[in-house]
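Notes follow once the structure below has been shown.
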Amino acid sequence: MKRVLLKLSGEALAGDKRTGFDEPTVTGVALQVKALVSQGMEIGIVIGGGNFWRGRSSEHIDRTKADQIGMLATVMNCIYVSEIFRSVGLGTAIMTPFACGAFTELFSKDRVNSCFAEHKVVFFAGGTGHPYFSTDTATVLRAIEIEAEVILLAKSVDGVYDSDPKDNPNAKKYAEVSIGEVIDRKLQVVDMTASILCMENHMPMLVFGLNEKNSIVNTVNGTADGTFTGTRVTA
């Protein structure tokens with residue numbers, strides 16, 4: 001792999017606290033990404049905002065405004081995580097689809113390519129910039145735009161199951177599943193819009209548990225026990 005897009009959930013970065021940040025967890029992610037960058041990999045990152053805000057759980061706020069708050073939550077997450085990355089010696093850039101003063105840069109593929117040429121990790125904050133689209137959709141959209149080879153989907157569970165393993169101790173884990181099956185069986189890997197984008201643009205995903213030791217590096221190296229979603233290409 002040369003260029004990948006890593007999706008991190010906000011909740012995963014909060015650790016056991018469930019809100020805010022757990023600095024040891026974020027530092028651990030930073031050190032893994034640093035190891036991959038040192039091998040020549042180009043890494044973009046999308047972070048969810050669930051450790052601060054989940055707009056859909058609000059019953060009294062206009063949906064558009066709720067989603068805008070969520071977009072700003074992802075900006076806060078990216079600023080924090082970017083600074084932790086810098087503290088371990090990585091160069092970073094944060095891009096948004098809307099102006100945020102001096103906090104971020106406006107997203108463009110040319111800027112992304114320039115940052116990758118400088119061995120920087122690029123954070124994509126602010127979602128798509130529009131309400132009614134999740135960070136799942138933003139993840140797939142950015143992966144397609146920057147021509148990533150694969151999406152690394154770090155979740156609280158270690159792969160894709162036929163039912164929620166938290167509720168069903170007999171849930172079956174898939175080693176590999178097509179995006180068509182994900183859609184047909186409503187496996188909830190990512191939301192429906194993101195799933196269809198993946199299918200139409202042949203964007204594969206590797207789904208794994210962030211809390212597993214060295215999980216990001218192991219997933220890239222093919223030694224993690226996660227789930228491959230997509231169509232494998234063989235020589």
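Labels used: A, B, ... for chains in the order of the structure tokens, numbers from 1 for residues in each chain, and numbers from 1 for ligands as shown.
By only C-alpha atoms, and with residues fewer than 3 positions from Tyr132 in chain A along its chain excluded, the set lying at most 12 Å from it is Gly55, Arg56, Asp62, Arg63, Thr64, Lys65, Ala66, Asp67, Gln68, Gly70, Met71, Gly127, Thr128, Gly129, Thr135, Asp136, Thr137, Ala138, Asp191 and Thr193 of chain A.
The shell of residues at most 7 Å from Ile47 in chain A, with only C-alpha atoms counted and near chain neighbours (fewer than 4 positions) removed, consists of Lys7, Leu8, Ser9, Gly10, Thr74, Asn77 and Cys78 of chain A.
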Point to revise | range 103-110 of chain A environment, 8 Å, only C-alpha atoms, sequence neighbours closer than 5 positions dropped, as number ranges by chain | key: A: 79, 93-98, 124, 145-146
Exercise for review: For range 113-115 of chain A, list every protein, DNA or RNA residue within 10 Å, evaluated using only C-alpha atoms, and leave out those in the same chain fewer than 6 positions away; present the list as a VMD selection string.
Suggested key: chain A and resid 42 91 to 93 121 to 122 146
Take the residues that were just selected and, keeping N, CA and C atoms, output them as a PDB file, in the first residue's frame.
ATOM      1  N   GLU A  42       1.648   7.156   2.475  1.00  0.00           N
ATOM      2  CA  GLU A  42       0.919   8.424   2.516  1.00  0.00           C
ATOM      3  C   GLU A  42      -0.417   8.165   3.195  1.00  0.00           C
ATOM      4  N   GLY A  91       4.830  15.602  10.586  1.00  0.00           N
ATOM      5  CA  GLY A  91       4.270  16.800   9.985  1.00  0.00           C
ATOM      6  C   GLY A  91       2.810  16.553   9.665  1.00  0.00           C
ATOM      7  N   THR A  92       1.964  17.573   9.839  1.00  0.00           N
ATOM      8  CA  THR A  92       0.534  17.396   9.618  1.00  0.00           C
ATOM      9  C   THR A  92      -0.071  18.593   8.896  1.00  0.00           C
ATOM     10  N   ALA A  93      -1.240  18.360   8.319  1.00  0.00           N
ATOM     11  CA  ALA A  93      -2.066  19.433   7.760  1.00  0.00           C
ATOM     12  C   ALA A  93      -3.517  19.063   8.031  1.00  0.00           C
ATOM     13  N   VAL A 121       1.051  13.944   7.277  1.00  0.00           N
ATOM     14  CA  VAL A 121      -0.231  13.271   7.448  1.00  0.00           C
ATOM     15  C   VAL A 121      -1.319  14.326   7.275  1.00  0.00           C
ATOM     16  N   VAL A 122      -2.339  14.010   6.475  1.00  0.00           N
ATOM     17  CA  VAL A 122      -3.392  14.992   6.181  1.00  0.00           C
ATOM     18  C   VAL A 122      -4.682  14.576   6.888  1.00  0.00           C
ATOM     19  N   ILE A 146      -8.845  11.399  -3.307  1.00  0.00           N
ATOM     20  CA  ILE A 146      -7.380  11.408  -3.248  1.00  0.00           C
ATOM     21  C   ILE A 146      -6.767  10.142  -3.846  1.00  0.00           C
TER      22      ILE A 146
END
Practice item. Apply DSSP to the backbone of this structure and, from chain A, keep only the residues in strand (DSSP E); write these as an MDAnalysis selection string. Key: chainID A and resid 3:8 42:47 91:96 105:106 120:124 150:155 160:161 173:174 176:177 205:209 227:229
Exercise for review: May I ask which of the residues A:Ser134, A:Ala148, A:Phe208, A:Ile196 is the closest one to Tyr161 in chain A, counting only C-alpha atoms?
Suggested key: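 Under the stated criterion, the closest residue is A:Phe208.
When CA of Ala99 in chain A is paired with CA of Val26 in chain A, their separation reads 26.0 Å.
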Practice item. For CA of Val29 in chain A and CA of Asn51 in chain A, determine how far apart the two atoms are, in Å to one decimal place. Key: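 Distance reported for this atom pair: 16.4 Å.
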Point to revise | Secondary structure check, helix (DSSP H, G or I) residues of range 24-193 of chain A, as an MDAnalysis selection string | key: chainID A and resid 24:38 55:57 63:87 109:117 135:145 179:185 192:193
